[in-house]
Amino acid sequence: GRSVHQIQSGQVISDGLCSAVKELVENSIDANATAIEIRFKNHGLDLIEVSDNGLGISPENFDKLALKHYTSKLRSYEDLERVTTYGFRGEALSSLCALSNLWVTTATADVAPKGTKCEFHISGALKSTSVASHPRGTTVSVETLFRNLPVRKQELERNIKREFARVVSFLQAYAIVCIGVKFTVYNHPPNGKKILLFSTKANKTTKENIANVFGARALANLIPLDLDFQMNTPTSVLHRGREETRNVKIVGHISRPVFGDGRQAPDRQLFFVNSRPCNLPQVARAVNEVYKSFNLTQSPFVFADLQLDTTAYDVNVSPDKRTILLHDQASLLESLKVSLTKLFDGTDQ
Ligand code: ADP
Ligand code: MG
């Protein structure tokens, strides 16, 4: 029968392939990796593997890794309010363990290249360890995701093309926003050679990352987005009624509205809040609305990171942290439209 743990795990990994990959990549980023390689076998249906050159995991933590609510990241209640690392709930490895065949190979600097392969029971308890060579860092392998949730598995198989495309675009988003991190993404189809999907260098700017991910042509007509404005927002529920002035920065790149043809930049729109990829449909709509008043025929390429005070939004609203609740969104959107209009007014058409 299906355990409560499996059902809850299915909710943590709510967005299938995307959630799984996101959690693994965020763990690598949290471990200070400067190189992350993501390998899929059969678009992730058979295997998802994420390797990093981060800090690695020390032996005293092997038995806790895949236990529910184990995290090495959360230090105090303060941290919950101001989450700086991506992960903080200690649920990803435990959930993936319940939903797949998961193993972790890792080495810290002092032992590399003599690493350890850890295998786990479905409950998350450590099953066995063995010696395995590994440079400093960690590889997490997720074999046959949803192997024990047949309906989710069939759903994933049915939609794999679309799901995989979403995963790749989400990985592109990370590869662009992460400065100084080299990303490499491969897929190994069942009957063929492995295919490089994209790779970046450990660049110093997001612009170089964009060129690596989308090709140098993507930079044509891009202008820097660097909006800085004040907005009044209520402080928090605890200070109901009081208002506070906050500084909001939106940094990134956007297509300059140009007349005529020539869509040089891909019309991708990547939004982030404090460097986390997020779905922000209302922000996207506001940007497109302003852009449309300058250029009726195209929508812009946008890469925008909203740098907000961590008390200006909620990330805890869903098991999948991508859903973000911006407090006082209306005022943010108004300020955004005004400053974006100014930016476009000031650029040569
Ligand atoms: P969380 O990220 O919320 O702490 P996870 O279930 O994602 O929870 O991971 C559990 C723990 O496993 C992390 O807190 C971390 O200590 C360790 N871990 C997972 N992936 C890595 C990695 N790539 N490098 C180093 N440590 C890792
Ligand atoms: Mg995590």
# chains A, B, ... in the order shown; residues from 1 in each chain; ligands from 1
$ residues_around --residues "Gly54 (chain A)" --least-positions-apart "2" --cutoff "9 Å" --atoms "only C-alpha atoms" --output "list of chain:residue names"
A:Ser28, A:Ile29, A:Asp30, A:Ala31, A:Asn32, A:Ala33, A:Thr34, A:Ala35, A:Ile36, A:Ser51, A:Asp52, A:Gly56, A:Thr108, A:Arg136, A:Gly137, A:Thr138
$ residues_near_ligand --ligand "ligand 1" --cutoff "9 Å" --atoms "only C-alpha atoms and all ligand atoms" --output "count of residues only"
51
$ closest_residue --among "A:Val338, A:Tyr186, A:Phe344, A:Leu296" --to "Val167 (chain A)" --atoms "only C-alpha atoms"
A:Tyr186
$ residues_around --residues "Val21 (chain A)" --least-positions-apart "5" --cutoff "10 Å" --atoms "only C-alpha atoms" --output "PyMOL selection string"
chain A and resi 13+15-16+26-27+38+40+44+48-50+142+167-168+170-171
$ closest_residue --among "A:Val258, A:Ala112, A:Ser14, A:Ala20" --to "ligand 2" --atoms "only C-alpha atoms and all ligand atoms"
A:Ala20
$ select_by_dssp --residues "region 16-265 of chain A" --states "helix (DSSP H, G or I)" --output "NGL selection string"
:A and (16-30 or 42-44 or 59-61 or 77-81 or 92-99 or 150-158 or 160-177 or 206-214 or 216-219 or 237-239)
$ write_last_selection --atoms "C-alpha atoms" --output "compact mmCIF listing (two decimals), in the first residue's frame"
# COMPACT_ATOMS: atom_id res chain seq x y z
CA GLY A 16 7.12 16.51 -11.15
CA LEU A 17 10.38 16.66 -12.99
CA CYS A 18 10.67 20.42 -12.45
CA SER A 19 10.41 20.22 -8.66
CA ALA A 20 12.91 17.35 -8.50
CA VAL A 21 15.52 19.11 -10.61
CA LYS A 22 14.95 22.45 -8.92
CA GLU A 23 15.53 20.98 -5.46
CA LEU A 24 18.74 19.24 -6.53
CA VAL A 25 20.15 22.29 -8.30
CA GLU A 26 19.28 24.55 -5.37
CA ASN A 27 21.09 22.16 -3.03
CA SER A 28 24.18 22.44 -5.23
CA ILE A 29 23.97 26.23 -5.21
CA ASP A 30 23.51 26.22 -1.44
CA ASN A 42 15.58 9.42 -21.28
CA HIS A 43 14.60 13.03 -20.46
CA GLY A 44 14.72 12.26 -16.76
CA PRO A 59 30.22 11.35 7.17
CA GLU A 60 28.47 12.35 10.41
CA ASN A 61 25.53 13.55 8.29
CA TYR A 77 13.50 31.26 13.60
CA GLU A 78 15.08 34.44 12.25
CA ASP A 79 16.29 32.42 9.28
CA LEU A 80 12.78 31.34 8.44
CA GLU A 81 11.79 34.98 8.09
CA ALA A 92 13.60 17.40 -0.83
CA LEU A 93 15.91 14.43 -0.38
CA SER A 94 13.46 12.67 1.91
CA SER A 95 10.65 13.11 -0.63
CA LEU A 96 12.77 12.07 -3.59
CA CYS A 97 13.86 9.04 -1.60
CA ALA A 98 10.24 8.03 -1.08
CA LEU A 99 9.43 8.47 -4.78
CA PRO A 150 1.79 4.86 -11.06
CA VAL A 151 -0.66 7.63 -11.90
CA ARG A 152 1.97 10.38 -11.51
CA LYS A 153 4.47 8.27 -13.42
CA GLN A 154 2.12 7.74 -16.37
CA GLU A 155 1.21 11.42 -16.34
CA LEU A 156 4.90 12.32 -16.51
CA GLU A 157 5.53 9.84 -19.32
CA ARG A 158 2.59 11.18 -21.27
CA ILE A 160 7.48 14.20 -20.99
CA LYS A 161 8.24 16.40 -24.02
CA ARG A 162 6.55 19.41 -22.49
CA GLU A 163 7.83 18.69 -18.98
CA PHE A 164 11.37 18.35 -20.24
CA ALA A 165 11.14 21.62 -22.15
CA ARG A 166 9.98 23.32 -18.94
CA VAL A 167 12.88 21.82 -17.01
CA VAL A 168 15.37 23.04 -19.58
CA SER A 169 13.98 26.57 -19.54
CA PHE A 170 14.05 26.61 -15.78
CA LEU A 171 17.67 25.42 -15.84
CA GLN A 172 18.42 28.19 -18.32
CA ALA A 173 16.96 30.64 -15.82
CA TYR A 174 19.30 29.42 -13.09
CA ALA A 175 22.25 29.38 -15.46
CA ILE A 176 21.60 33.05 -16.25
CA VAL A 177 20.97 34.31 -12.74
CA THR A 206 24.47 37.78 -16.42
CA LYS A 207 24.97 39.19 -19.92
CA GLU A 208 27.68 36.63 -20.66
CA ASN A 209 25.40 33.96 -19.22
CA ILE A 210 22.62 35.03 -21.60
CA ALA A 211 25.05 34.79 -24.52
CA ASN A 212 26.13 31.30 -23.45
CA VAL A 213 22.57 30.08 -23.01
CA PHE A 214 20.81 31.68 -25.97
CA ALA A 216 25.44 35.89 -28.84
CA ARG A 217 22.59 37.04 -31.10
CA ALA A 218 20.35 37.15 -28.07
CA LEU A 219 22.27 40.22 -26.89
CA VAL A 237 0.86 41.70 9.85
CA LEU A 238 2.57 42.28 13.15
CA HIS A 239 2.68 46.01 12.47
$ closest_residue --among "A:Pro189, A:Asn247, A:Gly180, A:Asp309" --to "Asn203 (chain A)" --atoms "only C-alpha atoms"
A:Gly180
$ select_by_dssp --residues "region 25-123 of chain A" --states "strand (DSSP E)" --output "list of chain:residue names"
A:Ala35, A:Ile36, A:Glu37, A:Ile38, A:Arg39, A:Phe40, A:Lys41, A:Leu47, A:Ile48, A:Glu49, A:Val50, A:Ser51, A:Asp52, A:Asn101, A:Leu102, A:Trp103, A:Val104, A:Thr105, A:Thr106, A:Ala107, A:Lys114, A:Gly115, A:Thr116, A:Lys117, A:Cys118, A:Glu119, A:Phe120
$ write_last_selection --atoms "C-alpha atoms" --output "PDB file, in the first residue's frame"
ATOM      1  CA  ALA A  35      30.206  24.017 -11.448  1.00  0.00           C
ATOM      2  CA  ILE A  36      26.973  22.056 -11.717  1.00  0.00           C
ATOM      3  CA  GLU A  37      26.348  19.310 -14.249  1.00  0.00           C
ATOM      4  CA  ILE A  38      22.836  18.016 -14.813  1.00  0.00           C
ATOM      5  CA  ARG A  39      22.444  14.745 -16.678  1.00  0.00           C
ATOM      6  CA  PHE A  40      19.155  13.224 -17.779  1.00  0.00           C
ATOM      7  CA  LYS A  41      18.644   9.719 -19.090  1.00  0.00           C
ATOM      8  CA  LEU A  47      17.580   8.997 -14.343  1.00  0.00           C
ATOM      9  CA  ILE A  48      18.171  12.535 -13.129  1.00  0.00           C
ATOM     10  CA  GLU A  49      21.687  13.163 -11.913  1.00  0.00           C
ATOM     11  CA  VAL A  50      23.082  16.417 -10.541  1.00  0.00           C
ATOM     12  CA  SER A  51      26.814  16.709  -9.826  1.00  0.00           C
ATOM     13  CA  ASP A  52      28.467  19.660  -8.171  1.00  0.00           C
ATOM     14  CA  ASN A 101      15.595   5.053  -6.130  1.00  0.00           C
ATOM     15  CA  LEU A 102      17.962   7.692  -4.725  1.00  0.00           C
ATOM     16  CA  TRP A 103      21.656   7.571  -3.938  1.00  0.00           C
ATOM     17  CA  VAL A 104      24.204  10.219  -3.033  1.00  0.00           C
ATOM     18  CA  THR A 105      27.918  10.141  -3.790  1.00  0.00           C
ATOM     19  CA  THR A 106      29.983  12.783  -2.057  1.00  0.00           C
ATOM     20  CA  ALA A 107      33.407  13.859  -0.882  1.00  0.00           C
ATOM     21  CA  LYS A 114      38.018   9.105  -1.960  1.00  0.00           C
ATOM     22  CA  GLY A 115      34.283   9.612  -1.708  1.00  0.00           C
ATOM     23  CA  THR A 116      31.352   7.668  -0.324  1.00  0.00           C
ATOM     24  CA  LYS A 117      28.240   6.370  -2.002  1.00  0.00           C
ATOM     25  CA  CYS A 118      25.218   6.421   0.320  1.00  0.00           C
ATOM     26  CA  GLU A 119      22.125   4.343  -0.374  1.00  0.00           C
ATOM     27  CA  PHE A 120      18.860   4.757   1.477  1.00  0.00           C
TER      28      PHE A 120
END
$ residues_around --residues "region 276-287 of chain A" --least-positions-apart "6" --cutoff "9 Å" --atoms "only C-alpha atoms" --output "mmCIF file with C-alpha atoms, in the first residue's frame"
data_model
loop_
_atom_site.group_PDB
_atom_site.id
_atom_site.type_symbol
_atom_site.label_atom_id
_atom_site.label_comp_id
_atom_site.auth_asym_id
_atom_site.auth_seq_id
_atom_site.Cartn_x
_atom_site.Cartn_y
_atom_site.Cartn_z
ATOM 1 C CA TYR A 86 17.300 28.167 -1.305
ATOM 2 C CA PHE A 170 14.047 26.606 -15.781
ATOM 3 C CA ALA A 173 16.956 30.642 -15.823
ATOM 4 C CA TYR A 174 19.300 29.420 -13.087
ATOM 5 C CA VAL A 177 20.969 34.308 -12.738
ATOM 6 C CA GLN A 269 10.657 36.115 -20.051
ATOM 7 C CA LEU A 270 12.508 35.051 -16.948
ATOM 8 C CA PRO A 300 10.328 41.686 -25.180
ATOM 9 C CA VAL A 302 13.071 39.994 -20.214
ATOM 10 C CA ASP A 305 15.467 39.935 -10.793
ATOM 11 C CA LYS A 321 8.559 27.741 -3.360
ATOM 12 C CA ARG A 322 8.119 29.129 -6.839
ATOM 13 C CA THR A 323 4.797 30.589 -5.906
ATOM 14 C CA ILE A 324 5.504 33.909 -4.326
ATOM 15 C CA GLN A 329 1.702 44.052 -5.419
ATOM 16 C CA LEU A 332 4.951 47.633 -6.942
ATOM 17 C CA LEU A 333 3.357 47.225 -10.361
ATOM 18 C CA GLU A 334 2.513 50.947 -10.540
ATOM 19 C CA LEU A 336 7.420 49.398 -12.126
ATOM 20 C CA LYS A 337 5.307 50.737 -14.993
ATOM 21 C CA LEU A 340 9.968 51.235 -17.180
#
$ atom_distance --atom1 "CA of Gly252 (chain A)" --atom2 "CA of Ser335 (chain A)"
16.7 Å
$ atom_distance --atom1 "CA of Glu244 (chain A)" --atom2 "CA of His327 (chain A)"
12.3 Å
